[in-house]
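Input: a single structure, listed below in structure tokens.
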Amino acid sequence: MTGTVHTSALRGRAEIDLGALRGNVRALRSRLAPGAGLMAVVKSDAYGHGALPCARAALDAGAQWLGTATPHEALALRDAGIRAPILCWLWTPGDPWREGIEAGLDMSVSAMWALREVTEAAREAGRTARIQLKADTGLGRNGCQPADWPELVAAARAAEVAGTVRVTGLWSHFACADEPGHASTAAQLDVFHELVAYAEKAGIEPEVRHIANSPAALTLPESHFDLVRTGIALYGISPSSELGSSADFGLRPVMTLAASVALVKRVPEGHGVSYGHRYRTPAETTLGLIPLGYADGVPRHASGRGPVLVGGAVRRVAGRIAMDQFVVDLGTGPDADAVQEGAPAVLFGPGDRGEPTAADWAEAADTIAYEIVTRIGPRVPRVYVDGTGGQEEGVGADGRGAGR
């Protein structure tokens, strides 16, 4: 575990190393093309790490922008005193456009309905809305199709002339930048160049143009434009093993998930373990009970495979992961005999102290590391450390990390 934080009373905890996060920001900034800024994406509670502490640490380390998915995430940051530029991009009809305008948010617009709602809110507020036009250059998700781009650009420019909006950005998102050499990436970049040129010829003068996500930030400097959006890389996790490991890019995983062993007991050969008895002990052995389960975000799909460092060795989950707990077979011998109630069990961390990583759990659950860290639930307190002296940086009165 990092440092010497006082977490012995916690059944489980996610240590968030803000020193590592700041180091990741610096490492990412060193890779940016000249003139490009860094957006720290803190959506989904900063991928499960805690939005407010991570936002503050990222800005402290030199990030210029923050990014969220929903307006409610962005407004919560404003309510907490964050004054840096914030882009929020996932809007639905009836969302709080006026509140976003009054909070000075940059709001993404992908369609005419959104432009109509934001301009109406701007008129009601008596203020100019900051909007960014998103183009669908090939992802096929959010964003305006190239065929509809001229209409959206013309309407946005007319709203600018009327004073209801200011188009601060033009942007898009890659589909396959985490797959080296994928043909769609170059094709999307070409489309983005064309759509940006069209908007600028129509009179749009954006503050920022951006398409690069974490994998593009690490490997495609030609896509950096004015701003790069870093999500998973900010938290020290490589977007794809095909691109390289975290260490290859000078990144360090920020979250360590650990628990205190709740029970240790000896059982005979052939003893069934957990629901369905998918695991039976091959010999007389010692079992350790780990008080975390799928209600805490530990993926049930990793039953029988999830790795845990306990008693000086990496063990595998024995049987099914339940809602609140799972079991590991400690075996026999001195290592097993040394494990007592309250001993640390580390599910994942940076990996340089013998513990598994989020990528290891992703492999065990047949998913991606993004999901492993993001799914860790609110029942697991976040304990913030600085990565140097082990200083605790904000565990709430209820045991939950500050800013959650």
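Identifiers in the structure tokens: chain A, B, ... in order shown; residue index from 1 per chain; ligand index from 1 in order shown.
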Practice problem: List every residue of range 26-272 of chain A that DSSP, applied to the backbone, labels as strand (DSSP E), and write the result as a ChimeraX atom specification. | Solution: /A:37-41,65-68,86-88,106-109,129-134,165-171,208-210,227-230,255-260,263-267,272
Exercise. Compile the contact shell of range 76-88 of chain A as a PyMOL selection string: residues with an atom at most 6 Å away, counting only C-alpha atoms, same-chain residues fewer than 6 positions apart removed.
Key: chain A and resi 65-70+105-107
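Nearest-residue note for Thr119 in chain A: choosing from A:Leu263, A:Ala159, A:Ala345, A:Ala212, the minimum distance belongs to A:Ala159, counting only C-alpha atoms.
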Quiz item: In Å to one decimal, how far is CA of Gln325 in chain A from CA of Pro291 in chain A?
Solution: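 Result for CA of Pro291 in chain A versus CA of Gln325 in chain A: 4.4 Å, one decimal.
Minimum atom-to-atom distances from A:Leu115, A:Val273, A:Thr219, A:Trp89 to Asp248 in chain A were compared using only C-alpha atoms, and the lowest value belongs to A:Thr219.
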Quiz prompt | Spatial neighbours of Ser240 in chain A, max dist 10 Å, only C-alpha atoms, sep filter under 4 positions, as an MDAnalysis selection string | solution = chainID A and resid 177:180 214:215 244:246 359 368:369
Could the residues in this selection be saved with all heavy atoms as an mmCIF file, in the first residue's frame?
data_model
loop_
_atom_site.group_PDB
_atom_site.id
_atom_site.type_symbol
_atom_site.label_atom_id
_atom_site.label_comp_id
_atom_site.auth_asym_id
_atom_site.auth_seq_id
_atom_site.Cartn_x
_atom_site.Cartn_y
_atom_site.Cartn_z
ATOM 1 N N ALA A 177 -8.725 4.490 -32.207
ATOM 2 C CA ALA A 177 -7.356 4.980 -32.015
ATOM 3 C C ALA A 177 -6.537 4.070 -31.117
ATOM 4 O O ALA A 177 -5.302 4.159 -31.096
ATOM 5 C CB ALA A 177 -7.381 6.397 -31.438
ATOM 6 N N ASP A 178 -7.214 3.181 -30.368
ATOM 7 C CA ASP A 178 -6.493 2.242 -29.512
ATOM 8 C C ASP A 178 -6.055 0.993 -30.260
ATOM 9 O O ASP A 178 -5.456 0.081 -29.668
ATOM 10 C CB ASP A 178 -7.353 1.855 -28.301
ATOM 11 C CG ASP A 178 -8.711 1.300 -28.686
ATOM 12 O OD1 ASP A 178 -9.084 1.396 -29.870
ATOM 13 O OD2 ASP A 178 -9.399 0.779 -27.786
ATOM 14 N N GLU A 179 -6.330 0.943 -31.564
ATOM 15 C CA GLU A 179 -5.891 -0.163 -32.407
ATOM 16 C C GLU A 179 -4.870 0.381 -33.402
ATOM 17 O O GLU A 179 -5.238 1.043 -34.382
ATOM 18 C CB GLU A 179 -7.074 -0.789 -33.143
ATOM 19 C CG GLU A 179 -8.148 -1.354 -32.225
ATOM 20 C CD GLU A 179 -9.313 -1.944 -32.986
ATOM 21 O OE1 GLU A 179 -9.091 -2.566 -34.046
ATOM 22 O OE2 GLU A 179 -10.462 -1.775 -32.518
ATOM 23 N N PRO A 180 -3.600 0.140 -33.169
ATOM 24 C CA PRO A 180 -2.559 0.741 -34.017
ATOM 25 C C PRO A 180 -2.764 0.450 -35.499
ATOM 26 O O PRO A 180 -3.025 -0.689 -35.894
ATOM 27 C CB PRO A 180 -1.273 0.080 -33.506
ATOM 28 C CG PRO A 180 -1.590 -0.341 -32.102
ATOM 29 C CD PRO A 180 -3.037 -0.718 -32.111
ATOM 30 N N SER A 214 -7.241 9.532 -25.210
ATOM 31 C CA SER A 214 -6.023 9.022 -24.580
ATOM 32 C C SER A 214 -5.102 8.285 -25.552
ATOM 33 O O SER A 214 -3.905 8.587 -25.610
ATOM 34 C CB SER A 214 -6.372 8.124 -23.390
ATOM 35 O OG SER A 214 -6.753 8.878 -22.274
ATOM 36 N N PRO A 215 -5.595 7.300 -26.324
ATOM 37 C CA PRO A 215 -4.665 6.621 -27.223
ATOM 38 C C PRO A 215 -4.048 7.544 -28.265
ATOM 39 O O PRO A 215 -2.859 7.424 -28.590
ATOM 40 C CB PRO A 215 -5.528 5.522 -27.871
ATOM 41 C CG PRO A 215 -6.935 5.905 -27.604
ATOM 42 C CD PRO A 215 -6.921 6.671 -26.331
ATOM 43 N N GLY A 244 0.908 -0.424 -25.792
ATOM 44 C CA GLY A 244 1.989 -0.466 -24.826
ATOM 45 C C GLY A 244 1.442 -0.453 -23.414
ATOM 46 O O GLY A 244 0.242 -0.237 -23.192
ATOM 47 N N SER A 245 2.307 -0.689 -22.461
ATOM 48 C CA SER A 245 1.902 -0.711 -21.060
ATOM 49 C C SER A 245 1.912 0.694 -20.475
ATOM 50 O O SER A 245 2.448 1.634 -21.076
ATOM 51 C CB SER A 245 2.849 -1.594 -20.259
ATOM 52 O OG SER A 245 4.141 -0.985 -20.186
ATOM 53 N N SER A 246 1.339 0.841 -19.306
ATOM 54 C CA SER A 246 1.394 2.126 -18.606
ATOM 55 C C SER A 246 2.832 2.587 -18.443
ATOM 56 O O SER A 246 3.160 3.751 -18.687
ATOM 57 C CB SER A 246 0.722 1.995 -17.230
ATOM 58 O OG SER A 246 -0.627 1.633 -17.352
ATOM 59 N N ALA A 359 -5.661 -4.191 -15.155
ATOM 60 C CA ALA A 359 -5.623 -4.931 -16.424
ATOM 61 C C ALA A 359 -5.726 -6.434 -16.189
ATOM 62 O O ALA A 359 -6.346 -7.153 -16.976
ATOM 63 C CB ALA A 359 -4.350 -4.596 -17.189
ATOM 64 N N ILE A 368 -12.556 -4.523 -20.047
ATOM 65 C CA ILE A 368 -11.443 -3.592 -20.185
ATOM 66 C C ILE A 368 -11.162 -2.941 -18.839
ATOM 67 O O ILE A 368 -12.038 -2.858 -17.965
ATOM 68 C CB ILE A 368 -11.738 -2.518 -21.249
ATOM 69 C CG1 ILE A 368 -13.040 -1.768 -20.935
ATOM 70 C CG2 ILE A 368 -11.795 -3.146 -22.630
ATOM 71 C CD1 ILE A 368 -13.337 -0.631 -21.887
ATOM 72 N N ALA A 369 -9.938 -2.472 -18.670
ATOM 73 C CA ALA A 369 -9.541 -1.894 -17.384
ATOM 74 C C ALA A 369 -10.349 -0.641 -17.048
ATOM 75 O O ALA A 369 -10.546 -0.323 -15.876
ATOM 76 C CB ALA A 369 -8.046 -1.576 -17.395
#
Self-check item: Contacts of range 220-230 of chain A within 6 Å, only C-alpha atoms, excl. fewer than 4 positions in-chain, as a PyMOL selection string
Solution: chain A and resi 33+36-41+208-210+212-214+216+234
Resulting file, chosen residues, C-alpha atoms, as a PDB file, in the first residue's frame:
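The resulting file, out_16.pdb, is reproduced below:
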ATOM      1  CA  ALA A  33       2.292  18.550 -29.945  1.00  0.00           C
ATOM      2  CA  ALA A  36      -1.788  21.788 -27.641  1.00  0.00           C
ATOM      3  CA  GLY A  37      -3.398  21.965 -24.211  1.00  0.00           C
ATOM      4  CA  LEU A  38      -4.591  19.136 -21.982  1.00  0.00           C
ATOM      5  CA  MET A  39      -8.149  18.371 -20.935  1.00  0.00           C
ATOM      6  CA  ALA A  40      -8.491  16.121 -17.876  1.00  0.00           C
ATOM      7  CA  VAL A  41     -11.641  14.049 -18.293  1.00  0.00           C
ATOM      8  CA  VAL A 208     -10.108  25.037 -29.553  1.00  0.00           C
ATOM      9  CA  ARG A 209     -10.308  22.215 -32.070  1.00  0.00           C
ATOM     10  CA  HIS A 210      -9.919  18.697 -30.696  1.00  0.00           C
ATOM     11  CA  ALA A 212      -7.561  13.226 -29.738  1.00  0.00           C
ATOM     12  CA  ASN A 213      -8.452  10.934 -26.834  1.00  0.00           C
ATOM     13  CA  SER A 214      -6.023   9.022 -24.580  1.00  0.00           C
ATOM     14  CA  ALA A 216      -4.287   9.440 -29.746  1.00  0.00           C
ATOM     15  CA  LEU A 234      -4.861  10.311 -16.717  1.00  0.00           C
TER      16      LEU A 234
END
Practice problem: Rank nothing, just name the residue among A:Ala114, A:Ala365, A:Ala336, A:Ala262 nearest to Arg300 in chain A, using only C-alpha atoms. | Solution: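 Closest to Arg300 in chain A of all the choices is A:Ala365.
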Practice problem: Pull the helix (DSSP H, G or I) assignments for range 113-237 of chain A out of DSSP run on the backbone, and list those residues as a ChimeraX atom specification. | Solution: /A:113-125,146-162,183-201,214-219,221-223,232-235
Please, could you write that set of residues out with C-alpha atoms as an mmCIF file, in the first residue's frame?
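Below is the file selection-v5.cif, written as the result:
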data_model
loop_
_atom_site.group_PDB
_atom_site.id
_atom_site.type_symbol
_atom_site.label_atom_id
_atom_site.label_comp_id
_atom_site.auth_asym_id
_atom_site.auth_seq_id
_atom_site.Cartn_x
_atom_site.Cartn_y
_atom_site.Cartn_z
ATOM 1 C CA TRP A 113 -32.687 20.364 -31.389
ATOM 2 C CA ALA A 114 -29.805 21.042 -28.986
ATOM 3 C CA LEU A 115 -28.957 24.328 -30.675
ATOM 4 C CA ARG A 116 -32.588 25.409 -30.372
ATOM 5 C CA GLU A 117 -32.701 24.542 -26.667
ATOM 6 C CA VAL A 118 -29.435 26.259 -25.813
ATOM 7 C CA THR A 119 -30.280 29.439 -27.735
ATOM 8 C CA GLU A 120 -33.680 29.640 -26.040
ATOM 9 C CA ALA A 121 -32.005 29.196 -22.647
ATOM 10 C CA ALA A 122 -29.487 31.909 -23.534
ATOM 11 C CA ARG A 123 -32.281 34.348 -24.365
ATOM 12 C CA GLU A 124 -34.011 33.549 -21.069
ATOM 13 C CA ALA A 125 -30.770 34.001 -19.122
ATOM 14 C CA PRO A 146 -21.229 15.398 -42.234
ATOM 15 C CA ALA A 147 -24.374 15.652 -44.378
ATOM 16 C CA ASP A 148 -26.066 17.715 -41.654
ATOM 17 C CA TRP A 149 -22.991 19.780 -40.766
ATOM 18 C CA PRO A 150 -23.715 22.722 -43.116
ATOM 19 C CA GLU A 151 -27.157 23.262 -41.587
ATOM 20 C CA LEU A 152 -25.836 23.111 -38.014
ATOM 21 C CA VAL A 153 -22.881 25.380 -38.775
ATOM 22 C CA ALA A 154 -25.075 27.949 -40.522
ATOM 23 C CA ALA A 155 -27.564 28.023 -37.659
ATOM 24 C CA ALA A 156 -24.810 28.262 -35.056
ATOM 25 C CA ARG A 157 -23.157 31.115 -36.953
ATOM 26 C CA ALA A 158 -26.499 32.935 -37.173
ATOM 27 C CA ALA A 159 -26.928 32.503 -33.412
ATOM 28 C CA GLU A 160 -23.428 33.915 -32.923
ATOM 29 C CA VAL A 161 -24.341 36.983 -34.974
ATOM 30 C CA ALA A 162 -27.483 37.358 -32.859
ATOM 31 C CA ALA A 183 -7.700 2.582 -41.228
ATOM 32 C CA SER A 184 -10.631 4.411 -39.646
ATOM 33 C CA THR A 185 -8.359 6.679 -37.608
ATOM 34 C CA ALA A 186 -6.727 8.348 -40.606
ATOM 35 C CA ALA A 187 -10.111 8.512 -42.337
ATOM 36 C CA GLN A 188 -11.698 10.239 -39.353
ATOM 37 C CA LEU A 189 -8.841 12.690 -39.146
ATOM 38 C CA ASP A 190 -9.324 13.606 -42.815
ATOM 39 C CA VAL A 191 -13.056 14.165 -42.289
ATOM 40 C CA PHE A 192 -12.383 16.292 -39.231
ATOM 41 C CA HIS A 193 -9.983 18.507 -41.176
ATOM 42 C CA GLU A 194 -12.664 19.001 -43.833
ATOM 43 C CA LEU A 195 -15.447 19.814 -41.378
ATOM 44 C CA VAL A 196 -13.277 22.217 -39.391
ATOM 45 C CA ALA A 197 -12.262 23.989 -42.599
ATOM 46 C CA TYR A 198 -15.918 24.262 -43.647
ATOM 47 C CA ALA A 199 -16.961 25.765 -40.302
ATOM 48 C CA GLU A 200 -14.098 28.234 -40.294
ATOM 49 C CA LYS A 201 -14.859 29.306 -43.855
ATOM 50 C CA SER A 214 -6.023 9.022 -24.580
ATOM 51 C CA PRO A 215 -4.665 6.621 -27.223
ATOM 52 C CA ALA A 216 -4.287 9.440 -29.746
ATOM 53 C CA ALA A 217 -2.630 11.590 -27.090
ATOM 54 C CA LEU A 218 -0.020 8.880 -26.633
ATOM 55 C CA THR A 219 0.587 7.850 -30.250
ATOM 56 C CA PRO A 221 0.670 13.815 -32.409
ATOM 57 C CA GLU A 222 -0.786 14.808 -35.799
ATOM 58 C CA SER A 223 -4.239 14.663 -34.168
ATOM 59 C CA ILE A 232 -8.094 6.614 -18.818
ATOM 60 C CA ALA A 233 -4.440 7.584 -19.324
ATOM 61 C CA LEU A 234 -4.861 10.311 -16.717
ATOM 62 C CA TYR A 235 -5.471 7.547 -14.176
#
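A straight line drawn from CA of Gln145 in chain A to CA of Tyr47 in chain A is 28.4 Å long.
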Practice problem: To one decimal in Å, tell me the separation between CA of Leu52 in chain A and CA of Val385 in chain A. | Solution: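 Spanning CA of Leu52 in chain A to CA of Val385 in chain A is a straight-line distance of 14.2 Å.
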Quiz item: Which is closest to Ala57 in chain A among A:Leu287, A:Leu21, A:Leu28, A:Ile237, if we use only C-alpha atoms?
Solution: A:Leu21
Practice problem: Can you work out which one of A:Asp352, A:Asp324, A:Asp329, A:Glu284 has the shortest atom-to-atom distance to Gly297 in chain A, counting only C-alpha atoms? | Solution: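 Among the listed residues, A:Asp324 lies closest to Gly297 in chain A.
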Quiz prompt | Nearby residues (only C-alpha atoms) at most 8 Å from Glu15 in chain A, same-chain spacing under 4 positions excluded, as JSON, numbers by chain | solution = {"A": [2, 254, 255, 256, 257, 258, 382, 383, 384, 385]}
Would you save the residues from that selection as a short mmCIF file (atom, residue, chain, number, x, y, z; two decimals), in the first residue's frame, using all heavy atoms?
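Contents of part.cif, as written:
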data_model
loop_
_atom_site.label_atom_id
_atom_site.label_comp_id
_atom_site.auth_asym_id
_atom_site.auth_seq_id
_atom_site.Cartn_x
_atom_site.Cartn_y
_atom_site.Cartn_z
N THR A 2 0.40 2.32 -0.55
CA THR A 2 1.18 3.55 -0.64
C THR A 2 1.15 4.28 0.69
O THR A 2 0.10 4.57 1.24
CB THR A 2 0.60 4.48 -1.71
OG1 THR A 2 0.57 3.77 -2.93
CG2 THR A 2 1.44 5.71 -1.86
N VAL A 254 -3.34 4.96 -10.61
CA VAL A 254 -3.65 5.84 -9.48
C VAL A 254 -4.41 5.11 -8.37
O VAL A 254 -4.27 5.45 -7.20
CB VAL A 254 -4.45 7.06 -9.99
CG1 VAL A 254 -4.98 7.92 -8.85
CG2 VAL A 254 -3.58 7.90 -10.94
N MET A 255 -5.21 4.12 -8.73
CA MET A 255 -6.06 3.44 -7.74
C MET A 255 -5.46 2.11 -7.28
O MET A 255 -5.01 1.32 -8.09
CB MET A 255 -7.46 3.20 -8.29
CG MET A 255 -8.40 2.51 -7.30
SD MET A 255 -10.01 2.00 -8.00
CE MET A 255 -10.79 3.58 -8.32
N THR A 256 -5.49 1.90 -5.95
CA THR A 256 -5.20 0.60 -5.36
C THR A 256 -6.43 0.16 -4.58
O THR A 256 -6.89 0.88 -3.69
CB THR A 256 -3.99 0.67 -4.41
OG1 THR A 256 -2.82 1.01 -5.16
CG2 THR A 256 -3.77 -0.66 -3.71
N LEU A 257 -6.98 -0.98 -4.93
CA LEU A 257 -8.17 -1.51 -4.26
C LEU A 257 -7.75 -2.62 -3.32
O LEU A 257 -7.14 -3.60 -3.74
CB LEU A 257 -9.18 -2.03 -5.28
CG LEU A 257 -10.47 -2.62 -4.69
CD1 LEU A 257 -11.29 -1.54 -3.98
CD2 LEU A 257 -11.30 -3.30 -5.77
N ALA A 258 -8.09 -2.45 -2.04
CA ALA A 258 -7.67 -3.43 -1.04
C ALA A 258 -8.79 -3.64 -0.03
O ALA A 258 -9.74 -2.86 0.07
CB ALA A 258 -6.41 -2.96 -0.33
N ARG A 382 -13.00 6.14 -0.66
CA ARG A 382 -11.79 6.57 -1.33
C ARG A 382 -10.89 7.25 -0.31
O ARG A 382 -11.33 8.15 0.41
CB ARG A 382 -12.09 7.55 -2.47
CG ARG A 382 -12.40 6.91 -3.81
CD ARG A 382 -13.52 5.92 -3.78
NE ARG A 382 -13.96 5.54 -5.14
CZ ARG A 382 -14.85 4.62 -5.38
NH1 ARG A 382 -15.44 3.98 -4.38
NH2 ARG A 382 -15.19 4.32 -6.62
N VAL A 383 -9.65 6.80 -0.23
CA VAL A 383 -8.67 7.36 0.69
C VAL A 383 -7.59 8.02 -0.17
O VAL A 383 -6.94 7.35 -0.97
CB VAL A 383 -8.05 6.28 1.59
CG1 VAL A 383 -7.02 6.88 2.53
CG2 VAL A 383 -9.15 5.57 2.39
N TYR A 384 -7.42 9.33 -0.01
CA TYR A 384 -6.53 10.08 -0.88
C TYR A 384 -5.17 10.25 -0.23
O TYR A 384 -5.05 10.69 0.91
CB TYR A 384 -7.15 11.45 -1.23
CG TYR A 384 -8.40 11.26 -2.05
CD1 TYR A 384 -9.65 11.18 -1.45
CD2 TYR A 384 -8.31 11.09 -3.42
CE1 TYR A 384 -10.78 10.95 -2.20
CE2 TYR A 384 -9.44 10.86 -4.18
CZ TYR A 384 -10.67 10.79 -3.57
OH TYR A 384 -11.79 10.53 -4.32
N VAL A 385 -4.13 9.86 -0.97
CA VAL A 385 -2.75 9.97 -0.51
C VAL A 385 -1.97 10.80 -1.53
O VAL A 385 -2.37 10.93 -2.68
CB VAL A 385 -2.10 8.59 -0.32
CG1 VAL A 385 -2.87 7.79 0.74
CG2 VAL A 385 -2.06 7.81 -1.62
#
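Excluding Gly23 in chain A itself and any same-chain residue fewer than 2 positions from it, the protein and nucleic acid residues within 8 Å of it, counting only C-alpha atoms, are Gly19, Ala20, Leu21, Val25, Arg26, Ala27, Ala61, Leu251 and Arg252 of chain A.
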Limited to C-alpha atoms, could you put the picked residues into a file as a PDB file, in the first residue's frame?
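After the write, part.pdb holds the following:
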ATOM      1  CA  GLY A  19       0.796  12.282  -6.586  1.00  0.00           C
ATOM      2  CA  ALA A  20       0.663   9.626  -9.291  1.00  0.00           C
ATOM      3  CA  LEU A  21      -2.166  11.479 -11.009  1.00  0.00           C
ATOM      4  CA  VAL A  25      -0.585  14.828 -16.156  1.00  0.00           C
ATOM      5  CA  ARG A  26       3.018  15.929 -16.498  1.00  0.00           C
ATOM      6  CA  ALA A  27       3.916  12.826 -18.508  1.00  0.00           C
ATOM      7  CA  ALA A  61      -0.307  19.714 -12.450  1.00  0.00           C
ATOM      8  CA  LEU A 251       2.203   6.487 -16.427  1.00  0.00           C
ATOM      9  CA  ARG A 252       1.430   5.068 -13.000  1.00  0.00           C
TER      10      ARG A 252
END
